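**Q** Input: one structure, supplied below.
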Amino acid sequence: MTTMRTHIRSIVASWRSQSPAVRLIRLWLGVTWIYGGWDKATDPGFLGKTSSTSINKQLIGYSKSSPMGFLFRHMIERSTAIGVMVMVLEFAIGIATLLWIAPTMTAFVGFTMSVGLWIAVTWHVKPYFLGSDTAYAVLWLAYFLTLVGKRRKIDVSLDRRGAIRVGAVGVAAIAAMLLGRVAQKSTTAAPTAGGSSSAKQLIKLADLAVGQTHEFVNADGQPAIVFRTKNGVFAYSEVCTHQGCTVSYSPPDKALICPCHGAAYDPFNSAAVLGGPTNTPLSSIKVAISGSWVVLV
């Protein structure tokens, strides 16, 4: 109890000792990082593979657009673990910043994360000031330099009490992530309207022109893609038969390509393998045209 009171006093003292400008930066960074973690934790598609906000889709995009794309290619097949790590890290940085736990180290980690996001996400944004990651990197760096002050040596070692506090932050971050996942499940798990049907509607035929594709989630929860040609519609699983990464359709190549290890499949020839480290074609999925809809049979 005495230890708890001592730490509360140190938190209050840390806010009082800082100038209004530094308090504002600290508050903004701490709250924003917690919000970032919460936004991802409550997003039902973040840890999936088909949503536009999924970490899997984001990593695939980074692998193609970032100057460090080769690093992101190795992360794609571990996208779920990467997503969990990002959520926990954002919660931990935000909580530690507000509660004055290992503040100098936390500020440096926040700066490093912002630089990483800049390289991954907003590297190509022009003019540069339209990309928020550079602004956050500067804010974290300014906060870090303020904490360092005139010290010639930065001591990042932790005593026993400090290690316990850092551990507590980790536990709180994991708990916040789990709470967010529970919250999104409770708000999105609504019963399906209408009666049961043997065919699931995927997309209106009018919205899928000849030559276009549409991604959807198969009945088993796996990502899939449907094609429409002048001869009809057909679909395949987007799960690569090599190591389970998510393939994507490349119109210039007219092929479904895996960003992890380069496997390529011909969607116009029963998803036959065109190249890469596999000999097994993609699984086909039964779809059909029913009235004005493309349906999963």
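Following the order of the structure tokens, chains are lettered A, B, ..., residues in each are numbered from 1, and ligands are numbered from 1.
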Among region 38-255 of chain A, which ones does DSSP assign to alpha helix (DSSP H) (computed from the backbone)? Answer as a PyMOL selection string.
**A** chain A and resi 38-41+55-65+69-75+79-99+103-120+132-148+160-188
**Q** Write a file of the just-selected residues containing C-alpha atoms, as a JSON list (two decimals), in the first residue's frame.
**A**
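The result, stored in again_37.json:
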[["chain", "number", "residue", "atom", "x", "y", "z"],
["A", 38, "TRP", "CA", -8.08, 0.27, -28.65],
["A", 39, "ASP", "CA", -9.06, 1.07, -32.24],
["A", 40, "LYS", "CA", -7.21, -2.03, -33.48],
["A", 41, "ALA", "CA", -8.41, -4.26, -30.63],
["A", 55, "ILE", "CA", -2.84, -6.43, -40.51],
["A", 56, "ASN", "CA", -2.32, -9.11, -43.15],
["A", 57, "LYS", "CA", -3.47, -6.82, -45.96],
["A", 58, "GLN", "CA", -1.44, -3.94, -44.53],
["A", 59, "LEU", "CA", 1.75, -6.01, -44.42],
["A", 60, "ILE", "CA", 1.18, -7.12, -48.01],
["A", 61, "GLY", "CA", 0.85, -3.47, -49.00],
["A", 62, "TYR", "CA", 3.98, -2.49, -47.06],
["A", 63, "SER", "CA", 5.94, -5.30, -48.71],
["A", 64, "LYS", "CA", 5.22, -3.73, -52.09],
["A", 65, "SER", "CA", 5.52, -0.02, -51.31],
["A", 69, "GLY", "CA", 9.62, -4.24, -48.16],
["A", 70, "PHE", "CA", 11.86, -7.30, -47.84],
["A", 71, "LEU", "CA", 11.41, -7.17, -44.05],
["A", 72, "PHE", "CA", 7.62, -6.97, -44.27],
["A", 73, "ARG", "CA", 7.50, -9.93, -46.67],
["A", 74, "HIS", "CA", 8.89, -12.12, -43.89],
["A", 75, "MET", "CA", 6.21, -10.82, -41.50],
["A", 79, "SER", "CA", 0.58, -11.43, -39.43],
["A", 80, "THR", "CA", -1.62, -12.46, -36.47],
["A", 81, "ALA", "CA", 1.32, -12.47, -34.05],
["A", 82, "ILE", "CA", 2.53, -9.15, -35.47],
["A", 83, "GLY", "CA", -0.95, -7.66, -35.02],
["A", 84, "VAL", "CA", -1.17, -8.77, -31.39],
["A", 85, "MET", "CA", 2.32, -7.39, -30.72],
["A", 86, "VAL", "CA", 1.41, -4.02, -32.24],
["A", 87, "MET", "CA", -1.75, -3.72, -30.13],
["A", 88, "VAL", "CA", 0.02, -4.63, -26.89],
["A", 89, "LEU", "CA", 2.92, -2.29, -27.67],
["A", 90, "GLU", "CA", 0.63, 0.65, -28.38],
["A", 91, "PHE", "CA", -1.29, 0.13, -25.15],
["A", 92, "ALA", "CA", 1.94, -0.29, -23.18],
["A", 93, "ILE", "CA", 3.56, 2.86, -24.59],
["A", 94, "GLY", "CA", 0.45, 4.95, -23.93],
["A", 95, "ILE", "CA", -0.06, 3.66, -20.38],
["A", 96, "ALA", "CA", 3.61, 4.01, -19.45],
["A", 97, "THR", "CA", 3.73, 7.56, -20.83],
["A", 98, "LEU", "CA", 0.76, 8.71, -18.78],
["A", 99, "LEU", "CA", 1.82, 6.88, -15.60],
["A", 103, "PRO", "CA", 9.59, 7.48, -19.24],
["A", 104, "THR", "CA", 12.86, 7.96, -21.13],
["A", 105, "MET", "CA", 12.90, 4.42, -22.50],
["A", 106, "THR", "CA", 9.19, 4.64, -23.35],
["A", 107, "ALA", "CA", 9.69, 7.89, -25.25],
["A", 108, "PHE", "CA", 12.52, 6.34, -27.27],
["A", 109, "VAL", "CA", 10.39, 3.27, -28.10],
["A", 110, "GLY", "CA", 7.55, 5.59, -29.17],
["A", 111, "PHE", "CA", 9.97, 7.49, -31.41],
["A", 112, "THR", "CA", 11.28, 4.25, -32.91],
["A", 113, "MET", "CA", 7.75, 2.99, -33.56],
["A", 114, "SER", "CA", 6.78, 6.24, -35.30],
["A", 115, "VAL", "CA", 9.85, 6.05, -37.54],
["A", 116, "GLY", "CA", 8.95, 2.45, -38.35],
["A", 117, "LEU", "CA", 5.40, 3.48, -39.27],
["A", 118, "TRP", "CA", 6.76, 6.27, -41.43],
["A", 119, "ILE", "CA", 8.95, 3.84, -43.37],
["A", 120, "ALA", "CA", 6.08, 1.36, -43.66],
["A", 132, "SER", "CA", 1.17, 12.05, -39.58],
["A", 133, "ASP", "CA", 3.90, 9.53, -38.72],
["A", 134, "THR", "CA", 6.70, 12.06, -39.27],
["A", 135, "ALA", "CA", 4.90, 14.55, -37.00],
["A", 136, "TYR", "CA", 4.56, 11.91, -34.25],
["A", 137, "ALA", "CA", 8.20, 10.94, -34.66],
["A", 138, "VAL", "CA", 9.20, 14.57, -34.09],
["A", 139, "LEU", "CA", 6.88, 14.85, -31.07],
["A", 140, "TRP", "CA", 8.35, 11.71, -29.50],
["A", 141, "LEU", "CA", 11.89, 12.87, -30.21],
["A", 142, "ALA", "CA", 11.21, 16.30, -28.70],
["A", 143, "TYR", "CA", 9.68, 14.66, -25.61],
["A", 144, "PHE", "CA", 12.61, 12.24, -25.36],
["A", 145, "LEU", "CA", 15.19, 15.05, -25.58],
["A", 146, "THR", "CA", 13.27, 17.01, -22.93],
["A", 147, "LEU", "CA", 13.45, 14.03, -20.58],
["A", 148, "VAL", "CA", 17.14, 13.51, -21.29],
["A", 160, "ARG", "CA", 13.63, -4.28, -8.95],
["A", 161, "ARG", "CA", 10.78, -1.83, -8.38],
["A", 162, "GLY", "CA", 11.09, -0.43, -11.88],
["A", 163, "ALA", "CA", 11.06, -3.91, -13.43],
["A", 164, "ILE", "CA", 7.87, -4.71, -11.51],
["A", 165, "ARG", "CA", 6.24, -1.53, -12.81],
["A", 166, "VAL", "CA", 7.22, -2.33, -16.40],
["A", 167, "GLY", "CA", 5.82, -5.84, -15.94],
["A", 168, "ALA", "CA", 2.59, -4.37, -14.58],
["A", 169, "VAL", "CA", 2.32, -2.15, -17.66],
["A", 170, "GLY", "CA", 2.71, -5.23, -19.85],
["A", 171, "VAL", "CA", -0.06, -7.03, -17.98],
["A", 172, "ALA", "CA", -2.32, -3.94, -18.22],
["A", 173, "ALA", "CA", -1.63, -3.67, -21.96],
["A", 174, "ILE", "CA", -2.56, -7.31, -22.56],
["A", 175, "ALA", "CA", -5.70, -6.91, -20.43],
["A", 176, "ALA", "CA", -6.70, -3.81, -22.42],
["A", 177, "MET", "CA", -6.21, -5.69, -25.69],
["A", 178, "LEU", "CA", -8.34, -8.62, -24.51],
["A", 179, "LEU", "CA", -11.02, -6.22, -23.29],
["A", 180, "GLY", "CA", -11.08, -4.60, -26.72],
["A", 181, "ARG", "CA", -11.41, -7.97, -28.45],
["A", 182, "VAL", "CA", -14.32, -8.89, -26.17],
["A", 183, "ALA", "CA", -15.96, -5.50, -26.80],
["A", 184, "GLN", "CA", -15.79, -5.86, -30.59],
["A", 185, "LYS", "CA", -17.20, -9.37, -30.45],
["A", 186, "SER", "CA", -20.14, -8.32, -28.31],
["A", 187, "THR", "CA", -20.98, -5.38, -30.58],
["A", 188, "THR", "CA", -20.60, -7.20, -33.88]]
**Q** Residues of region 82-277 of chain A in strand (DSSP E or B) according to DSSP, as a ChimeraX atom specification?
**A** /A:200-204,213-217,223-229,232-237,239,246,248-250,255-257,264-266,272-275
**Q** Which is closer to Thr278 (chain A) than all the others in A:Ile8, A:Cys240, A:Ile34, A:Cys260, using only C-alpha atoms?
**A** A:Cys240
**Q** Return the single residue from A:Ser290, A:Thr42, A:Thr280, A:Ser10 that is closest to Lys204 (chain A), with distances computed using only C-alpha atoms.
**A** A:Ser290
**Q** Give me the residues of region 49-140 of chain A that have any atom at most 12 Å from an atom of region 231-239 of chain A; for each, the nearest atom pair and the distance in Å, rounded to one decimal. Use only C-alpha atoms, sort by chain and number, and format it as JSON lines.
**A**
{"residue": "A:Lys49", "atom": "CA", "partner": "A:Glu238", "partner_atom": "CA", "distance": 9.4}
{"residue": "A:Thr50", "atom": "CA", "partner": "A:Glu238", "partner_atom": "CA", "distance": 9.4}
{"residue": "A:Glu77", "atom": "CA", "partner": "A:Val239", "partner_atom": "CA", "distance": 10.7}
**Q** Could you give me, as a list in words, the residues within 10 Å of region 11-15 of chain A, counting only C-alpha atoms and dropping anything in the same chain fewer than 2 positions from it?
**A**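 My list of contacting residues is Arg5, Thr6, His7, Ile8, Arg9, Ser17, Gln18, Ser19, Pro20, Val22, Arg23, Arg26, Leu27, Leu98, Leu99, Trp100 and Ile101 of chain A.
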**Q** Do you have the CA of Ser54 (chain A)-CA of Ile76 (chain A) distance handy?
**A**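 Taking CA of Ser54 (chain A) and CA of Ile76 (chain A), their separation equals 11.2 Å.
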**Q** For the atom pair CA of Arg228 (chain A) and CA of Pro281 (chain A), what is the interatomic distance in Å to one decimal place?
**A**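 Pair CA of Arg228 (chain A) / CA of Pro281 (chain A) returns 19.3 Å.
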